[in-house]
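J.: File final-v7.txt follows (compact mmCIF, C-alpha atoms and all ligand atoms):
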# COMPACT_ATOMS: atom_id res chain seq x y z
CA MET B 245 6.49 112.44 66.41
CA THR B 246 10.23 112.62 67.05
CA PRO B 247 11.81 109.30 66.17
CA LEU B 248 13.63 107.34 68.83
CA ARG B 249 17.40 107.45 68.47
CA ALA B 250 19.79 104.48 68.56
CA SER B 251 23.57 104.30 68.64
CA PHE B 252 25.95 101.37 68.37
CA TYR B 253 29.43 100.49 69.54
CA THR B 254 31.37 97.47 68.32
CA LEU B 255 34.30 95.71 69.93
CA GLY B 256 36.25 92.87 68.39
CA CYS B 257 36.32 91.30 64.98
CA ARG B 258 35.09 92.10 61.49
CA LEU B 259 32.23 89.65 62.00
CA ASN B 260 31.01 91.72 64.94
CA GLN B 261 31.24 94.84 62.76
CA ALA B 262 29.13 93.11 60.10
CA GLU B 263 26.55 92.13 62.69
CA THR B 264 26.37 95.66 64.09
CA ALA B 265 25.81 96.91 60.53
CA THR B 266 22.92 94.45 60.18
CA LEU B 267 21.48 95.51 63.54
CA SER B 268 21.77 99.15 62.65
CA ALA B 269 19.84 98.48 59.42
CA THR B 270 17.06 96.69 61.31
CA PHE B 271 16.75 99.60 63.78
CA ALA B 272 16.63 102.10 60.89
CA ALA B 273 13.95 100.02 59.15
CA ARG B 274 11.91 100.15 62.37
CA GLY B 275 11.99 103.96 62.27
CA TYR B 276 14.88 104.65 64.64
CA GLN B 277 17.16 107.54 63.84
CA ILE B 278 20.74 106.19 63.94
CA VAL B 279 23.06 108.62 65.69
CA ASP B 280 26.81 108.55 66.25
CA PHE B 281 28.07 106.75 69.31
CA GLY B 282 28.59 109.36 72.03
CA ASP B 283 25.69 111.57 70.88
CA ASP B 284 22.51 111.75 72.95
CA THR B 285 20.50 108.61 72.33
CA ASP B 286 17.47 106.65 73.54
CA VAL B 287 19.00 103.19 72.95
CA CYS B 288 22.66 102.26 73.01
CA VAL B 289 23.71 98.82 71.79
CA ILE B 290 27.19 97.59 72.70
CA ASN B 291 28.28 94.58 70.67
CA THR B 292 31.04 92.92 72.70
CA CYS B 293 34.01 90.60 72.32
CA ALA B 294 35.44 87.95 74.65
CA VAL B 295 38.45 86.71 72.75
CA THR B 296 40.95 87.84 75.41
CA GLU B 297 40.69 88.99 79.01
CA SER B 298 41.68 92.50 77.94
CA ALA B 299 38.83 92.53 75.37
CA ALA B 300 36.43 91.54 78.15
CA ALA B 301 37.80 94.28 80.43
CA GLN B 302 37.42 96.81 77.62
CA CYS B 303 33.77 95.76 77.20
CA ARG B 304 33.06 96.47 80.89
CA GLN B 305 34.83 99.82 80.57
CA VAL B 306 32.78 100.85 77.53
CA VAL B 307 29.53 99.84 79.23
CA ARG B 308 30.41 101.91 82.31
CA ALA B 309 31.41 104.89 80.16
CA VAL B 310 28.08 104.73 78.28
CA LEU B 311 26.15 104.59 81.55
CA ARG B 312 28.02 107.63 82.90
CA ARG B 313 27.53 109.64 79.71
CA SER B 314 23.92 108.64 78.96
CA PRO B 315 22.28 107.53 82.22
CA GLN B 316 18.81 107.87 80.68
CA ALA B 317 19.58 105.64 77.65
CA TYR B 318 18.30 102.07 77.39
CA VAL B 319 21.56 100.09 77.40
CA VAL B 320 21.74 96.77 75.58
CA VAL B 321 24.86 94.62 75.79
CA THR B 322 25.15 91.78 73.30
CA GLY B 323 27.81 89.66 71.58
CA CYS B 324 30.43 87.21 72.74
CA TYR B 325 31.07 88.72 76.18
CA ALA B 326 27.33 88.82 76.90
CA GLN B 327 27.27 85.15 75.92
CA ALA B 328 30.35 84.17 77.92
CA ASP B 329 29.85 86.14 81.13
CA ALA B 330 26.35 87.60 81.50
CA GLU B 331 26.86 87.52 85.28
CA ALA B 332 29.67 90.06 85.18
CA LEU B 333 27.50 92.39 83.09
CA ARG B 334 24.50 91.88 85.34
CA ARG B 335 26.54 93.29 88.22
CA ILE B 336 26.95 96.64 86.45
CA PRO B 337 24.07 98.86 87.67
CA GLY B 338 22.19 100.56 84.85
CA VAL B 339 22.48 97.87 82.16
CA ASP B 340 18.96 97.09 80.88
CA LEU B 341 19.22 94.12 78.54
CA ILE B 342 21.91 91.46 78.10
CA VAL B 343 21.51 89.37 74.95
CA GLY B 344 23.55 86.33 73.92
CA ASN B 345 24.67 85.62 70.38
CA ALA B 346 21.74 83.36 69.48
CA ASP B 347 19.32 86.31 69.85
CA LYS B 348 21.61 89.16 68.84
CA LEU B 349 20.08 89.82 65.45
CA ARG B 350 16.50 89.77 66.77
CA LEU B 351 17.15 92.36 69.45
CA LEU B 352 14.22 94.50 68.42
CA GLU B 353 11.81 91.66 69.16
CA LEU B 354 12.98 91.70 72.78
CA PHE B 355 11.60 95.10 73.77
CA ASP B 356 8.73 97.31 72.59
CA VAL B 357 9.54 100.59 74.23
CA PRO B 358 13.07 101.25 75.49
CA ARG B 359 12.20 101.90 79.13
CA LYS B 360 14.89 101.62 81.84
CA GLU B 361 14.67 98.35 83.81
CA GLU B 362 15.05 97.97 87.59
CA THR B 363 17.47 95.11 87.07
CA PRO B 364 19.06 93.83 83.85
CA ARG B 365 17.04 91.33 81.82
CA VAL B 366 19.14 88.48 80.44
CA VAL B 367 18.22 86.69 77.22
CA ARG B 368 20.85 84.07 76.66
CA ARG B 369 20.68 80.52 75.41
CA LYS B 370 23.06 78.00 73.91
CA PRO B 371 24.34 79.26 70.55
CA VAL B 372 22.83 77.70 67.43
CA GLU B 373 24.72 74.60 66.37
CA ARG B 374 23.85 74.03 62.74
CA GLY B 375 21.71 74.93 59.76
CA ASP B 376 22.12 77.38 56.89
CA PHE B 377 20.91 80.88 57.64
CA THR B 378 19.73 84.03 55.92
CA LEU B 379 19.88 87.66 57.06
CA ASP B 380 17.08 89.94 56.08
CA ALA B 381 18.83 93.28 56.19
CA VAL B 382 21.45 95.10 54.16
CA GLY B 383 24.19 96.25 56.52
CA ARG B 384 24.68 99.99 57.06
CA TYR B 385 28.35 100.95 56.76
CA SER B 386 29.86 104.37 57.08
CA GLU B 387 33.24 102.92 56.03
CA THR B 388 34.38 102.60 52.41
CA ARG B 389 34.76 98.85 52.56
CA ALA B 390 31.69 96.82 53.51
CA ASN B 391 31.85 93.51 55.37
CA LEU B 392 29.65 90.65 54.28
CA LYS B 393 28.82 87.90 56.77
CA ILE B 394 28.87 84.55 55.01
CA GLN B 395 29.45 82.11 57.87
CA ASP B 396 29.27 81.78 61.65
CA GLY B 397 30.54 79.40 64.33
CA CYS B 398 33.36 76.86 64.50
CA ASN B 399 33.88 73.36 65.85
CA PHE B 400 37.67 73.13 65.56
CA ALA B 401 38.03 73.42 69.35
CA CYS B 402 41.50 74.97 69.43
CA ALA B 403 42.63 74.72 73.05
CA PHE B 404 42.91 78.48 73.61
CA CYS B 405 39.74 79.62 71.88
CA ILE B 406 36.44 80.57 73.48
CA ILE B 407 34.66 81.18 70.16
CA PRO B 408 33.05 77.73 69.75
CA PHE B 409 31.53 78.31 73.22
CA THR B 410 30.26 81.80 72.42
CA ARG B 411 29.15 81.28 68.83
CA GLY B 412 28.37 77.57 68.52
CA GLY B 413 29.07 75.21 65.65
CA PRO B 414 29.77 76.08 62.00
CA ARG B 415 26.95 77.18 59.75
CA SER B 416 26.79 78.98 56.43
CA ARG B 417 24.68 81.68 54.90
CA ARG B 418 22.62 80.73 51.88
CA LEU B 419 24.39 81.73 48.67
CA ASP B 420 21.39 83.53 47.13
CA ASP B 421 20.93 85.56 50.31
CA LEU B 422 24.54 86.73 50.55
CA VAL B 423 24.57 87.65 46.84
CA ARG B 424 21.38 89.69 47.42
CA GLU B 425 23.03 91.69 50.21
CA ALA B 426 26.24 92.15 48.21
CA GLU B 427 24.27 93.49 45.22
CA ALA B 428 22.53 95.99 47.49
CA LEU B 429 25.86 97.06 49.06
CA VAL B 430 27.34 97.63 45.60
CA ALA B 431 24.24 99.58 44.54
CA ARG B 432 24.87 101.83 47.56
CA GLY B 433 28.34 102.61 46.28
CA HIS B 434 30.61 100.12 48.05
CA ARG B 435 33.36 99.10 45.66
CA GLU B 436 35.05 96.57 47.93
CA ILE B 437 33.47 93.82 50.01
CA VAL B 438 35.30 91.83 52.68
CA LEU B 439 33.99 88.35 53.43
CA THR B 440 33.58 87.66 57.13
CA GLY B 441 32.78 84.77 59.42
CA VAL B 442 34.43 82.81 62.20
CA ASN B 443 35.96 80.13 60.00
CA ILE B 444 35.03 81.06 56.44
CA GLY B 445 37.07 78.34 54.75
CA THR B 446 34.54 75.84 56.12
CA TYR B 447 31.75 77.57 54.19
CA CYS B 448 29.40 74.94 52.79
CA SER B 449 25.83 75.62 51.74
CA ASP B 450 23.86 73.47 49.39
CA GLY B 451 27.04 72.05 47.87
CA HIS B 452 28.66 75.47 47.41
CA ASP B 453 32.08 76.12 48.93
CA LEU B 454 33.99 79.36 49.50
CA LEU B 455 35.27 79.38 45.92
CA ALA B 456 31.69 79.22 44.66
CA VAL B 457 30.86 82.21 46.90
CA VAL B 458 33.77 84.15 45.40
CA GLN B 459 32.74 83.27 41.86
CA ALA B 460 29.10 84.22 42.46
CA LEU B 461 30.07 87.56 43.98
CA GLU B 462 32.57 88.38 41.25
CA ALA B 463 29.70 88.27 38.76
CA ILE B 464 28.14 91.36 40.39
CA ALA B 465 28.53 94.31 38.03
CA GLY B 466 30.02 97.31 39.78
CA LEU B 467 31.80 95.27 42.47
CA GLU B 468 35.47 96.00 41.94
CA ARG B 469 37.15 94.17 44.78
CA LEU B 470 36.44 91.16 46.91
CA ARG B 471 38.69 90.36 49.87
CA ILE B 472 38.83 87.08 51.78
CA SER B 473 41.13 88.24 54.53
CA SER B 474 41.24 85.68 57.35
CA ILE B 475 41.19 81.95 56.63
CA GLU B 476 42.37 78.90 58.58
CA PRO B 477 45.37 77.19 56.93
CA THR B 478 43.66 73.80 56.59
CA THR B 479 40.50 75.12 54.98
CA LEU B 480 41.43 76.75 51.67
CA PRO B 481 39.12 75.15 49.12
CA GLU B 482 40.62 73.42 46.12
CA GLY B 483 41.34 75.86 43.31
CA LEU B 484 41.07 79.05 45.39
CA VAL B 485 44.75 79.98 45.15
CA GLU B 486 44.82 79.42 41.39
CA TRP B 487 41.65 81.48 41.05
CA MET B 488 43.20 84.30 43.07
CA ALA B 489 46.25 84.26 40.79
CA THR B 490 44.19 85.25 37.74
CA SER B 491 41.06 86.93 39.10
CA ARG B 492 40.50 90.61 38.36
CA LYS B 493 38.38 91.12 41.47
CA LEU B 494 39.61 88.76 44.20
CA CYS B 495 42.32 90.67 46.08
CA PRO B 496 45.73 88.98 46.34
CA HIS B 497 45.65 89.03 50.12
CA LEU B 498 45.17 86.30 52.71
CA HIS B 499 45.52 86.38 56.46
CA ILE B 500 46.36 82.84 57.57
CA PRO B 501 46.78 82.33 61.34
CA LEU B 502 49.92 80.39 62.27
CA GLN B 503 49.73 80.88 66.08
CA SER B 504 52.95 78.92 66.73
CA GLY B 505 55.86 77.70 64.65
CA ASP B 506 56.66 74.87 67.06
CA ASP B 507 55.11 71.45 66.43
CA GLU B 508 54.73 70.54 70.09
CA VAL B 509 52.98 73.82 70.89
CA LEU B 510 50.75 73.42 67.82
CA ARG B 511 49.81 69.94 69.03
CA ARG B 512 48.95 71.24 72.49
CA MET B 513 46.98 74.10 70.92
CA ARG B 514 45.06 71.41 68.99
CA ARG B 515 45.81 73.13 65.71
CA ARG B 516 45.42 70.85 62.71
CA TYR B 517 48.75 71.32 60.94
CA THR B 518 52.49 71.25 61.50
CA ARG B 519 55.01 74.01 60.89
CA ALA B 520 56.03 72.21 57.69
CA ASP B 521 52.42 72.13 56.45
CA PHE B 522 52.05 75.85 57.12
CA ALA B 523 55.35 76.69 55.46
CA ALA B 524 54.44 74.64 52.37
CA LEU B 525 51.09 76.41 52.08
CA VAL B 526 52.56 79.90 52.37
CA GLU B 527 55.35 79.11 49.91
CA ARG B 528 52.85 77.68 47.43
CA ILE B 529 50.60 80.74 47.57
CA ALA B 530 53.56 83.13 47.29
CA ALA B 531 54.83 81.25 44.24
CA CYS B 532 51.41 81.14 42.59
CA VAL B 533 49.91 84.60 43.23
CA PRO B 534 51.99 87.54 42.02
CA ASP B 535 52.69 90.21 44.68
CA VAL B 536 50.36 88.52 47.14
CA CYS B 537 50.16 89.94 50.66
CA LEU B 538 50.25 87.16 53.24
CA GLY B 539 49.67 88.02 56.88
CA THR B 540 49.42 85.87 59.96
CA ASP B 541 48.60 85.73 63.68
CA ALA B 542 51.15 84.61 66.23
CA MET B 543 50.16 83.74 69.77
CA VAL B 544 52.90 84.34 72.32
CA GLY B 545 53.23 82.67 75.72
CA PHE B 546 50.90 79.71 75.23
CA PRO B 547 51.37 77.38 78.26
CA GLY B 548 54.51 75.30 77.75
CA GLU B 549 56.07 77.66 75.17
CA ASP B 550 59.72 77.46 76.25
CA GLU B 551 62.68 79.33 74.75
CA ARG B 552 63.20 76.67 72.12
CA ALA B 553 59.58 76.68 71.03
CA PHE B 554 59.57 80.46 70.80
CA ALA B 555 62.81 80.40 68.81
CA ASN B 556 61.15 77.98 66.37
CA THR B 557 58.22 80.36 65.93
CA ARG B 558 60.44 83.37 65.45
CA ALA B 559 62.67 81.60 62.94
CA LEU B 560 59.72 80.33 60.90
CA LEU B 561 58.10 83.76 60.81
CA ALA B 562 61.40 85.33 59.77
CA ASP B 563 61.92 82.82 56.96
CA LEU B 564 58.47 82.82 55.39
CA PRO B 565 57.33 85.35 52.77
CA LEU B 566 54.92 87.07 55.16
CA ALA B 567 54.08 90.77 54.95
CA TYR B 568 52.94 91.27 58.53
CA ILE B 569 52.30 89.45 61.81
CA HIS B 570 49.54 90.22 64.29
CA VAL B 571 50.99 89.35 67.67
CA PHE B 572 48.68 88.26 70.49
CA PRO B 573 49.85 87.47 74.00
CA TYR B 574 48.11 84.29 75.17
CA SER B 575 45.09 85.09 77.32
CA GLU B 576 43.56 82.43 79.55
CA ARG B 577 39.85 82.08 78.77
CA PRO B 578 37.07 80.24 80.57
CA HIS B 579 35.48 77.24 78.81
CA THR B 580 38.75 76.37 77.04
CA ALA B 581 41.03 73.34 77.41
CA ALA B 582 44.17 75.45 77.81
CA GLN B 583 42.96 77.14 80.99
CA HIS B 584 43.83 73.91 82.80
CA TYR B 585 47.27 73.52 81.23
CA PRO B 586 50.33 73.78 83.49
CA ASP B 587 53.59 75.59 82.62
CA LYS B 588 52.19 79.08 82.31
CA VAL B 589 54.67 81.55 80.83
CA PRO B 590 55.48 84.51 83.15
CA PRO B 591 54.04 87.86 81.90
CA PRO B 592 57.44 89.63 81.56
CA VAL B 593 58.61 86.80 79.28
CA VAL B 594 55.42 87.07 77.21
CA GLN B 595 55.93 90.82 76.90
CA ALA B 596 59.56 90.46 75.83
CA ARG B 597 58.70 87.79 73.24
CA SER B 598 55.76 89.84 71.94
CA ARG B 599 58.05 92.83 71.48
CA LEU B 600 60.50 90.75 69.45
CA LEU B 601 57.77 89.52 67.12
CA ARG B 602 56.25 92.99 66.72
CA GLU B 603 59.68 94.31 65.72
CA LEU B 604 60.00 91.45 63.25
CA SER B 605 56.56 92.27 61.86
CA ALA B 606 57.48 95.94 61.36
CA ARG B 607 60.64 94.92 59.46
CA LYS B 608 58.75 92.46 57.27
CA LYS B 609 56.02 94.96 56.51
CA ALA B 610 58.53 97.66 55.54
CA ALA B 611 60.36 95.16 53.31
CA PHE B 612 57.09 94.13 51.64
CA TYR B 613 56.10 97.77 51.06
CA ARG B 614 59.55 98.62 49.65
CA ARG B 615 59.03 96.07 46.87
CA PHE B 616 56.52 98.50 45.37
CA VAL B 617 58.66 101.63 45.33
CA GLY B 618 58.80 102.79 41.71
CA ARG B 619 55.74 100.74 40.81
CA THR B 620 52.05 101.60 40.43
CA LEU B 621 49.34 100.35 42.78
CA ARG B 622 45.61 100.91 42.45
CA VAL B 623 44.38 102.35 45.73
CA LEU B 624 40.86 102.53 47.14
CA PHE B 625 40.96 105.73 49.17
CA GLU B 626 39.21 105.78 52.51
CA ARG B 627 40.00 108.79 54.68
CA CYS B 628 41.82 112.09 54.84
CA GLU B 629 43.81 113.61 57.67
CA ASP B 630 45.54 116.97 57.27
CA GLY B 631 45.43 116.75 53.47
CA LEU B 632 46.87 113.22 53.40
CA TYR B 633 44.50 110.70 51.82
CA THR B 634 45.07 107.06 52.71
CA GLY B 635 43.70 103.82 51.40
CA PHE B 636 44.74 100.28 50.54
CA SER B 637 45.92 98.58 47.40
CA ASP B 638 44.36 95.25 46.49
CA ASN B 639 47.37 93.55 48.09
CA TYR B 640 46.87 95.47 51.31
CA VAL B 641 49.61 98.06 51.07
CA LYS B 642 48.53 101.17 52.93
CA VAL B 643 49.21 104.09 50.63
CA GLY B 644 49.09 107.84 51.32
CA VAL B 645 48.99 110.73 48.85
CA GLU B 646 48.65 114.45 49.35
CA SER B 647 45.72 115.76 47.40
CA ALA B 648 43.56 118.88 47.38
CA GLN B 649 40.98 116.91 45.42
CA ALA B 650 38.43 114.78 47.36
CA LEU B 651 39.42 111.12 46.97
CA ALA B 652 37.19 109.18 49.38
CA ASN B 653 35.91 105.99 47.71
CA ALA B 654 37.93 106.70 44.56
CA LEU B 655 39.94 103.80 43.13
CA LEU B 656 42.99 105.34 41.50
CA PRO B 657 46.50 104.49 40.34
CA VAL B 658 49.33 105.73 42.55
CA ARG B 659 53.04 105.61 41.85
CA VAL B 660 54.79 104.60 45.08
CA GLU B 661 57.83 106.73 45.84
CA ALA B 662 58.88 105.96 49.40
CA VAL B 663 58.03 104.02 52.53
CA GLU B 664 57.79 106.08 55.71
CA HIS B 665 56.36 105.26 59.13
CA GLY B 666 54.42 102.20 58.00
CA LEU B 667 52.96 103.98 54.98
CA ALA B 668 53.79 103.84 51.27
CA ARG B 669 53.87 107.45 50.06
CA GLY B 670 53.16 108.20 46.44
CA THR B 671 51.66 110.47 43.80
CA LEU B 672 48.43 110.09 41.92
CA LEU B 673 48.62 109.23 38.24
CA ASP B 674 46.09 110.55 35.72
CA HIS B 675 45.43 107.11 34.38
CA ASP B 676 46.57 103.50 34.68
CA PRO B 677 49.96 102.98 33.06
S1 LIG G 701 39.65 77.61 64.16
FE1 LIG G 701 40.33 77.52 66.29
S2 LIG G 701 40.96 79.65 66.74
FE2 LIG G 701 39.64 79.75 64.94
S3 LIG G 701 37.57 80.14 65.75
FE3 LIG G 701 37.80 77.90 65.48
S4 LIG G 701 38.45 77.18 67.50
FE4 LIG G 701 38.82 79.42 67.45
Take the structure in the file and write it out as structure tokens.
T.:
Amino acid sequence: MTPLRASFYTLGCRLNQAETATLSATFAARGYQIVDFGDDTDVCVINTCAVTESAAAQCRQVVRAVLRRSPQAYVVVTGCYAQADAEALRRIPGVDLIVGNADKLRLLELFDVPRKEETPRVVRRKPVERGDFTLDAVGRYSETRANLKIQDGCNFACAFCIIPFTRGGPRSRRLDDLVREAEALVARGHREIVLTGVNIGTYCSDGHDLLAVVQALEAIAGLERLRISSIEPTTLPEGLVEWMATSRKLCPHLHIPLQSGDDEVLRRMRRRYTRADFAALVERIAACVPDVCLGTDAMVGFPGEDERAFANTRALLADLPLAYIHVFPYSERPHTAAQHYPDKVPPPVVQARSRLLRELSARKKAAFYRRFVGRTLRVLFERCEDGLYTGFSDNYVKVGVESAQALANALLPVRVEAVEHGLARGTLLDHDP
């Protein structure tokens, strides 16, 4: 019998990517043939995001495009947008199943045979609030780097953020279960694992914190790199920075969201630190971890952000040893405190401020990359376009080399020679210097 086919599309964060990889593994284990998104399929799962209004609009667009291209496919929409606004999805004719976050990973229990429905079925309940969890599958990744979900949910209630509404309170994955998946990912050939969650610094399972997770994963033979990536500034566990400074596997890279460099805006955002706290943290990490790459998020145009507040943010970002800034225009979200705030910032002002910060980010990134000209970085190569292989160093420098030899998933030393168009160009070395 010909197997049923399933395809997947993911919008949003790394955590969503990890969950799609888990879903894809559960479909494959059930006998589905996994096909590329866009190919003919029997089931199409769209894993959505609701973090901004433009993410929500993109979700609706993708759903409509899938329905046009594959009108016969059984269309499942899940994830944060399905949780936040099932009604909007229900109004799109042709959608079959809408599944909130609490039931996302048990999708296959919700239908036997993928048969088109007359009207969309909605399975959506309040997200889970607490309790350690396990995941039974080993995520399927076509990418070089694999994500590993270690945590979900958040109760920090930042005034702009819809995530606590869509994903519920904080909870952690059992340590033995995440080590089991990481071992299987390494056995499949993944050399780098990126830890993911909503607020991973709050990881706490059976007395283990995030540092214990790092230490347990580092013991896996064959795992060469472990990356923490995004972590809230108030949640770094004791000893993590010092561990990063000497570890051979934990990448010297952290993405620590600032959002605003103005104390009044931070207070109104309900963030849990001041600009001085953030600056002290970044300076401490930069002093402790050699060649560390520190990135951040900046939110532009939060209600009440006047010229002075923006100038404070810009000046702080300029002063700190940051390698890049992800700039997000504020987006009003339902179920958040900030949607009721007065003093909205006009869109043209938000655009102009965003442009200034993006230019600043490009300058800072180029300056960070230039520090490595003449030096050697070990690069995990990912993809090739027109003979140019690119990949990332442990400290998140994107490096490109021309090579006739296949380099995908190779971890090799590269001597950096120049920085061009956001890329460090270099030549491969035969061996580590
Ligand atoms: S820490 Fe704040 S911004 Fe981050 S997920 Fe929690 S509520 Fe949202």
J.: Residues within 7 Å of ligand LIG 701 (chain G) (only C-alpha atoms and all ligand atoms), as a ChimeraX atom specification?
T.: /B:398-402,405-408,442-443,476
J.: Name the closest residue to Cys537 (chain B) among the candidates B:Asp638, B:Glu486, B:Glu362, B:Asp421; distances are taken between atoms, counting only C-alpha atoms.
T.: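 Nearest candidate to Cys537 (chain B) out of B:Asp638, B:Glu486, B:Glu362, B:Asp421: B:Asp638.
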J.: In terms of the shortest atom-to-atom distance over all atoms listed in the file, which of B:Thr296, B:Ser449, B:Gln595, B:Asn345 is closest to Thr580 (chain B)?
T.: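 The shortest atom-to-atom distance to Thr580 (chain B) comes from B:Thr296.
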J.: Rank nothing, just name the residue among B:Ala520, B:Tyr325, B:Ala567, B:Gly375 nearest to Leu498 (chain B), using all atoms listed in the file.
T.: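 Checking each of B:Ala520, B:Tyr325, B:Ala567, B:Gly375 against Leu498 (chain B), counting all atoms listed in the file, the winner is B:Ala567.
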J.: Using all atoms listed in the file, which protein or nucleic acid residues come within 12 Å of Ala426 (chain B)? Drop anything in the same chain fewer than 2 positions from it, and give the result as a ChimeraX atom specification.
T.: /B:379,381-384,389-394,419-424,428-439,457-458,460-470
J.: Between CA of Leu259 (chain B) and CA of Arg313 (chain B), what is the spacing in Å?
T.: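 According to the coordinates, CA of Arg313 (chain B) and CA of Leu259 (chain B) are separated by 27.1 Å.
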J.: Would you list the contacts of Lys642 (chain B) as number ranges by chain, taking every protein, DNA or RNA residue within 9 Å and counting all atoms listed in the file, but skipping same-chain residues closer than 2 positions in sequence?
T.: B: 613, 623, 634-637, 640, 644, 666-669
J.: One decimal, Å: what's the distance from CA of Ala269 (chain B) over to CA of Val366 (chain B), could you say?
T.: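 If I compute the distance from CA of Ala269 (chain B) to CA of Val366 (chain B), I get 23.3 Å.
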J.: May I have the protein, DNA and RNA residues with an atom at most 9 Å from (28.3, 103.9, 58.8), counting all atoms listed in the file in the file's coordinates, returned as a VMD selection string?
T.: chain B and resid 265 268 280 383 to 388
J.: Pick from B:Gly631, B:Pro501, B:Gly344, B:Gly445: nearest to Leu480 (chain B), with all atoms listed in the file counted?
T.: B:Gly445
J.: Set the distance at 7 Å and use only C-alpha atoms: which residues neighbour Val287 (chain B) once local chain neighbours fewer than 6 positions away are removed? I'd like the list as a list in words.
T.: Arg249, Ala250, Ser251, Ala317, Tyr318, Val319 and Pro358 of chain B
J.: Determine the nearest neighbour of Arg614 (chain B) from the options B:Ala582, B:Asp535, B:Leu601, B:Glu482, counting only C-alpha atoms.
T.: B:Asp535
J.: Mind checking which residues fall within 8 Å of Val321 (chain B), counting all atoms listed in the file, ignoring those fewer than 6 positions away in the same chain, and posting them as a list in words?
T.: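 Near neighbours after the sequence-gap exclusion: Val289, Ile290, Asn291, Thr292, Val307, Val339, Leu341, Ile342 and Val343 of chain B.
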J.: Report, in Å with one decimal, the straight-line distance from CA of Leu352 (chain B) to CA of Asp376 (chain B).
T.: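 Taking CA of Leu352 (chain B) as the start and CA of Asp376 (chain B) as the end point, the length is 22.1 Å.
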J.: Using all atoms listed in the file, which protein or nucleic acid residues come within 9 Å of Arg619 (chain B)? Drop anything in the same chain fewer than 4 positions from it, and give the result as a ChimeraX atom specification.
T.: /B:615,658-661
J.: Please determine, counting only C-alpha atoms, which residue among B:Phe522, B:Arg597, B:Leu349, B:Tyr574 has the shortest atom-to-atom distance to Gly505 (chain B).
T.: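 Going through B:Phe522, B:Arg597, B:Leu349, B:Tyr574 one by one, the smallest distance to Gly505 (chain B) is for B:Phe522.
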J.: Within 6 Å of (43.0, 93.3, 49.0) in the file's own coordinates, which protein, DNA or RNA residues have an atom, counting only C-alpha atoms? List them as an mmCIF file with C-alpha atoms, in the coordinates of the input.
T.:
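Written out: selection_4.cif:
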data_model
loop_
_atom_site.group_PDB
_atom_site.id
_atom_site.type_symbol
_atom_site.label_atom_id
_atom_site.label_comp_id
_atom_site.auth_asym_id
_atom_site.auth_seq_id
_atom_site.Cartn_x
_atom_site.Cartn_y
_atom_site.Cartn_z
ATOM 1 C CA ARG B 471 38.690 90.360 49.870
ATOM 2 C CA CYS B 495 42.320 90.670 46.080
ATOM 3 C CA PRO B 496 45.730 88.980 46.340
ATOM 4 C CA HIS B 497 45.650 89.030 50.120
ATOM 5 C CA ASP B 638 44.360 95.250 46.490
ATOM 6 C CA ASN B 639 47.370 93.550 48.090
ATOM 7 C CA TYR B 640 46.870 95.470 51.310
#
J.: For the interface of region 434-509 of chain B with region 552-565 of chain B (cut-off 10 Å, counting all atoms listed in the file), please tabulate each contacting residue of region 434-509 of chain B alongside its nearest pair of atoms and their separation in Å to one decimal, rows sorted by chain and increasing number, as JSON lines.
T.:
{"residue": "B:Leu502", "atom": "CA", "partner": "B:Leu561", "partner_atom": "CA", "distance": 9.0}
{"residue": "B:Gln503", "atom": "CA", "partner": "B:Thr557", "partner_atom": "CA", "distance": 8.5}
{"residue": "B:Ser504", "atom": "CA", "partner": "B:Thr557", "partner_atom": "CA", "distance": 5.5}
{"residue": "B:Gly505", "atom": "CA", "partner": "B:Thr557", "partner_atom": "CA", "distance": 3.8}
{"residue": "B:Asp506", "atom": "CA", "partner": "B:Ala553", "partner_atom": "CA", "distance": 5.3}
{"residue": "B:Asp507", "atom": "CA", "partner": "B:Ala553", "partner_atom": "CA", "distance": 8.3}
{"residue": "B:Glu508", "atom": "CA", "partner": "B:Ala553", "partner_atom": "CA", "distance": 7.9}
{"residue": "B:Val509", "atom": "CA", "partner": "B:Ala553", "partner_atom": "CA", "distance": 7.2}
